[in-house]
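Student: Structure provided below as structure tokens; questions to follow.
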Amino acid sequence: MPTIMGIYELPAQAAGVVTKLRGRGFTEIETYAPAPFPEVDDAVIPKPSKVRLLTLIGGLTGVVTGYAMTVWMSNNWQILVGGKPYASIPPYTIIAFELTILFGGLLTVLGLFIYGGLPNFKSSKAYSPRFSAEDFGVVVECQDRDVAEVDALLRDFKATEVTLVEA
Amino acid sequence: MTPPPAGSVAAMIRPAPRQKESATNRDILAVMDGAPLGYWLLLLLSVSLMMLAGGIWVYQVYKGLGIAGYAHPIFWGVYIVTFVFWVGIAHAGTLISAILFLFRAKWRNAINRGAEAMTVFAVLTAAQFLGIHVGRMWKSYFILPYPNQRALWVNFKSPLLWDTFAITTYATISILFLFVGLIPDIAIARDRATGWKKVLYTVLALGWQGSSRQWKSHNRSVLHLSGLATPLVLSVHSVVSWDFAVAIVPGWHTTIFAPYFVAGAIFSGFAMVLTLMIPIRRIYKLEAYITDYHFENMSRFILLTSIIVGYAYASEYFIAWYSGVEPEQTAFWLRAFGPYWISTWIMIICNGVLPQLLWFPKLRVNIPFLFVLSVFINIGMWFERYVIIITGLSREYNPAVWGVFVPSWPEMGILAGSFGFFCTFFLIFLKLFPIVAIAEMKEIAIHEKAHAADHSADHTAQGAH
């Protein structure tokens, strides 16, 4: 399938063309951006990132681990002080808190790897170092018969260049 | 050559796109190319100090902690002082990265990378002091709850255990934060590097291309890491302060300690950011990225936290007097007028008095003044911990067990070596990774470009009327 790429200077143009293309029923769209612009990313993937699920799982695992580990270990090695219970929840809250953050953070980064598709050393054909300069790229895969339409759409949003990545 | 008919596949084939380089990339990556002689001299000095401290540490392992002046009644000396000092320094990085991110303070973009790197190296420096302080460093792992033959578990009611968990978590999250932020910038460096650096950056960039999927996950991860790091940064120095506050030593046993330590940590951290970023900005000509506006904002933070710290000092004295507890009163009287009066007054003048000069708007953007002030604050904050720890221990309840502590040469050598260790890693970082977050600076630059485009479009529209 032909793959066409439009180059843009501004995020609003890239976001606009992606929204338009999706409206016309094109689904195989990828963008490249030099900096984080949520409007561009949301145009391609409207749903919130699933990283948040992993952060939640990590945080909950941390808090449960923190309390379970401390309570279990105090009862496993019993030190009786003043007839009080072996486990003491207030100081253990500190351990549970720190582990919530630790596990939450680790799983957040795992989420970045899983949902961001990292690491990935297969370079895509469309990528070029200009996207780590200041250009935005919108890459569309389409049928042969749609090439003219996509080309016109990409140019409508003031593409500085439109190129064919793959015939 | 006649153009092929429009709409055909052949019509789309164009020559390879011309390369347009971004000025932001060029200016910031330039820091990583080559190194002036001064850089190598500084690196040599740092490595020498680090190795000197390594030598002293080996000698201390051989002779025992006695050579560090550890004797009754003072068993927490300069090593613990320096540990708290470096943990404090480590706080500005996460504050700038996480808290200012959540508040959408865009000015943080110019200084967050330097501050994050500073955080990581300061935490690593601090962590070593726990090992140095316990003497038998190779048994430090006893503090971890690991299964052992005697089925013995650690005591989670001890503040030292809380400290272990807090510092470990803080070090891990700081490293993750730094690395996640670096990925897009490493990709920028990868696209422009050659030779062994290309290989290094290719591996570290993990194949980052800035696709929508990657940015989407990246934005969400940074948001969540910030959300997690914000309570963390407040908790870490609180936990460090509880190492003291939970004990019943006069001068330590107060509830004000957690906020007092956190404010002090942010205060000293910002001072260290100034100490590091002022020379870097000047040497590498980054004035277009790190502007006077950034320094003014940091000055305001320093002024605010100085007031909080100054208030805490005053409040400690007031409560000591108002409590009517004689040991408390004596401890605080002896702080200011006892054998450690010099340390106490250095602390009060450097942290509480001198930063008040920042009320003058002209001084807030006077860069040489800020640099000198930041060095004084660093000194003052080291002495703050010295005053709290040493005067507290040397003047406990019973005058019969009072003592006087004089820092020993191994302690001062290892203290100097800690600066060597910190500077060595910071200098290496400066050469290998972008010291200013390029992608985030570009975010601002592109927003401005879009704004300018909107404006010119408005003008054209008005002209057409």
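Residue numbers start at 1 in each chain; chains themselves are named A, B, ... in the order of the structure tokens; ligands are numbered from 1 in the order shown.
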Mind listing as a ChimeraX atom specification which residues of chain A are within 7 Å of chain B, counting only C-alpha atoms?

Tutor: /A:10,30-36,41,44,49,51,70,73,77,91-92,94-95,98,101-102,105,108-109,112,115-121,127,129-130,132-134,147-148,163-164,167

Student: Write out as a PyMOL selection string the residues lying within 12 Å of Asp156 in chain A, counting only C-alpha atoms and excluding same-chain residues fewer than 5 positions away.

Tutor: chain A and resi 6-8+13-14+16-18+20-21+149-151+161-162

Student: Fewer than 3 positions away in the same chain doesn't count, so skip those; otherwise give me all residues within 9 Å of range 58-70 of chain B, counting only C-alpha atoms, as a ChimeraX atom specification.

Tutor: /B:53-55,73-79,132-137,405-411

Student: Need the shell around range 312-322 of chain B: protein/DNA/RNA residues with any atom at most 7 Å away, counting only C-alpha atoms. Skip same-chain ones fewer than 5 positions apart. Format as a ChimeraX atom specification?

Tutor: /B:260,328-329,332

Student: Take the selection from the previous step and output its residues with C-alpha atoms, as a PDB file, in the first residue's frame.

Tutor:
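Result written to out-v4.pdb:
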ATOM      1  CA  TYR B 260      11.521  22.687  58.835  1.00  0.00           C
ATOM      2  CA  GLU B 328      15.632  22.259  76.133  1.00  0.00           C
ATOM      3  CA  GLN B 329      16.369  25.760  77.354  1.00  0.00           C
ATOM      4  CA  PHE B 332      19.323  26.193  72.901  1.00  0.00           C
TER       5      PHE B 332
END

Student: Using only C-alpha atoms, determine which residues lie at most 12 Å from Glu287 in chain B, disregarding the query and same-chain residues fewer than 2 positions distant; provide the list as an NGL selection string.

Tutor: :B and (27-28 or 110 or 277-285 or 289-295 or 367 or 436)

Student: Can you spit out the residues from that selection as a JSON list (two decimals), in the first residue's frame, using N, CA and C atoms?

Tutor:
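This is the output file out.json:
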[["chain", "number", "residue", "atom", "x", "y", "z"],
["B", 27, "ASP", "N", 22.45, 24.67, 19.73],
["B", 27, "ASP", "CA", 23.02, 25.39, 20.87],
["B", 27, "ASP", "C", 23.24, 24.48, 22.06],
["B", 28, "ILE", "N", 22.28, 23.60, 22.33],
["B", 28, "ILE", "CA", 22.39, 22.80, 23.55],
["B", 28, "ILE", "C", 23.32, 21.61, 23.34],
["B", 110, "ALA", "N", 13.81, 25.11, 31.48],
["B", 110, "ALA", "CA", 15.20, 25.45, 31.21],
["B", 110, "ALA", "C", 16.14, 24.86, 32.25],
["B", 277, "MET", "N", 24.40, 26.12, 37.87],
["B", 277, "MET", "CA", 23.92, 26.59, 36.58],
["B", 277, "MET", "C", 24.50, 27.94, 36.18],
["B", 278, "ILE", "N", 24.90, 28.76, 37.15],
["B", 278, "ILE", "CA", 25.46, 30.07, 36.79],
["B", 278, "ILE", "C", 26.76, 29.90, 35.99],
["B", 279, "PRO", "N", 27.73, 29.11, 36.47],
["B", 279, "PRO", "CA", 28.93, 28.93, 35.63],
["B", 279, "PRO", "C", 28.63, 28.22, 34.31],
["B", 280, "ILE", "N", 27.73, 27.21, 34.33],
["B", 280, "ILE", "CA", 27.45, 26.48, 33.09],
["B", 280, "ILE", "C", 26.86, 27.42, 32.05],
["B", 281, "ARG", "N", 25.92, 28.27, 32.50],
["B", 281, "ARG", "CA", 25.30, 29.20, 31.56],
["B", 281, "ARG", "C", 26.33, 30.14, 30.96],
["B", 282, "ARG", "N", 27.26, 30.59, 31.79],
["B", 282, "ARG", "CA", 28.25, 31.55, 31.31],
["B", 282, "ARG", "C", 29.26, 30.88, 30.38],
["B", 283, "ILE", "N", 29.76, 29.72, 30.79],
["B", 283, "ILE", "CA", 30.81, 29.08, 29.99],
["B", 283, "ILE", "C", 30.26, 28.63, 28.64],
["B", 284, "TYR", "N", 29.04, 28.07, 28.64],
["B", 284, "TYR", "CA", 28.51, 27.51, 27.39],
["B", 284, "TYR", "C", 27.54, 28.46, 26.69],
["B", 285, "LYS", "N", 27.48, 29.69, 27.15],
["B", 285, "LYS", "CA", 26.69, 30.72, 26.46],
["B", 285, "LYS", "C", 25.24, 30.29, 26.24],
["B", 289, "TYR", "N", 18.61, 30.43, 26.74],
["B", 289, "TYR", "CA", 17.74, 29.36, 27.26],
["B", 289, "TYR", "C", 17.52, 29.51, 28.76],
["B", 290, "ILE", "N", 18.63, 29.77, 29.48],
["B", 290, "ILE", "CA", 18.50, 30.01, 30.92],
["B", 290, "ILE", "C", 18.63, 31.52, 31.10],
["B", 291, "THR", "N", 17.50, 32.18, 31.26],
["B", 291, "THR", "CA", 17.53, 33.64, 31.26],
["B", 291, "THR", "C", 17.53, 34.19, 32.68],
["B", 292, "ASP", "N", 17.66, 35.50, 32.78],
["B", 292, "ASP", "CA", 17.60, 36.15, 34.08],
["B", 292, "ASP", "C", 16.26, 35.89, 34.76],
["B", 293, "TYR", "N", 15.22, 35.73, 33.93],
["B", 293, "TYR", "CA", 13.90, 35.44, 34.47],
["B", 293, "TYR", "C", 13.92, 34.15, 35.31],
["B", 294, "HIS", "N", 14.65, 33.13, 34.82],
["B", 294, "HIS", "CA", 14.76, 31.88, 35.57],
["B", 294, "HIS", "C", 15.46, 32.11, 36.90],
["B", 295, "PHE", "N", 16.54, 32.91, 36.84],
["B", 295, "PHE", "CA", 17.27, 33.15, 38.08],
["B", 295, "PHE", "C", 16.42, 33.96, 39.06],
["B", 367, "ILE", "N", 23.69, 38.40, 38.74],
["B", 367, "ILE", "CA", 24.17, 37.02, 38.70],
["B", 367, "ILE", "C", 25.40, 36.81, 39.59],
["B", 436, "VAL", "N", 20.29, 20.89, 29.21],
["B", 436, "VAL", "CA", 19.00, 21.56, 29.18],
["B", 436, "VAL", "C", 18.06, 20.64, 28.41]]

Student: Mind pulling up the distance from CA of Phe257 in chain B to CA of Ile342 in chain B?

Tutor: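 Computing the Euclidean distance for CA of Ile342 in chain B and CA of Phe257 in chain B yields 22.3 Å.
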
Student: What residues in range 79-153 of chain A get the DSSP label strand (DSSP E or B)? Please answer as a list in words.

Tutor: Phe136, Gly137, Val138, Val139, Val140 and Glu141 of chain A

Student: As a PyMOL selection string, which residues of range 2-103 of chain A does DSSP assign to alpha helix (DSSP H)?

Tutor: chain A and resi 11-23+38-44+51-76+89-103

Student: For Ile96 in chain B, list every protein, DNA or RNA residue within 8 Å, evaluated using only C-alpha atoms, and leave out those in the same chain fewer than 3 positions away; present the list as a ChimeraX atom specification.

Tutor: /B:92-93,99-101,108,111-112,115

Student: Write out as a list in words the residues lying within 6 Å of range 302-308 of chain B, counting only C-alpha atoms and excluding same-chain residues fewer than 6 positions away.

Tutor: Ala263, Phe267, Gly352 and Pro355 of chain B
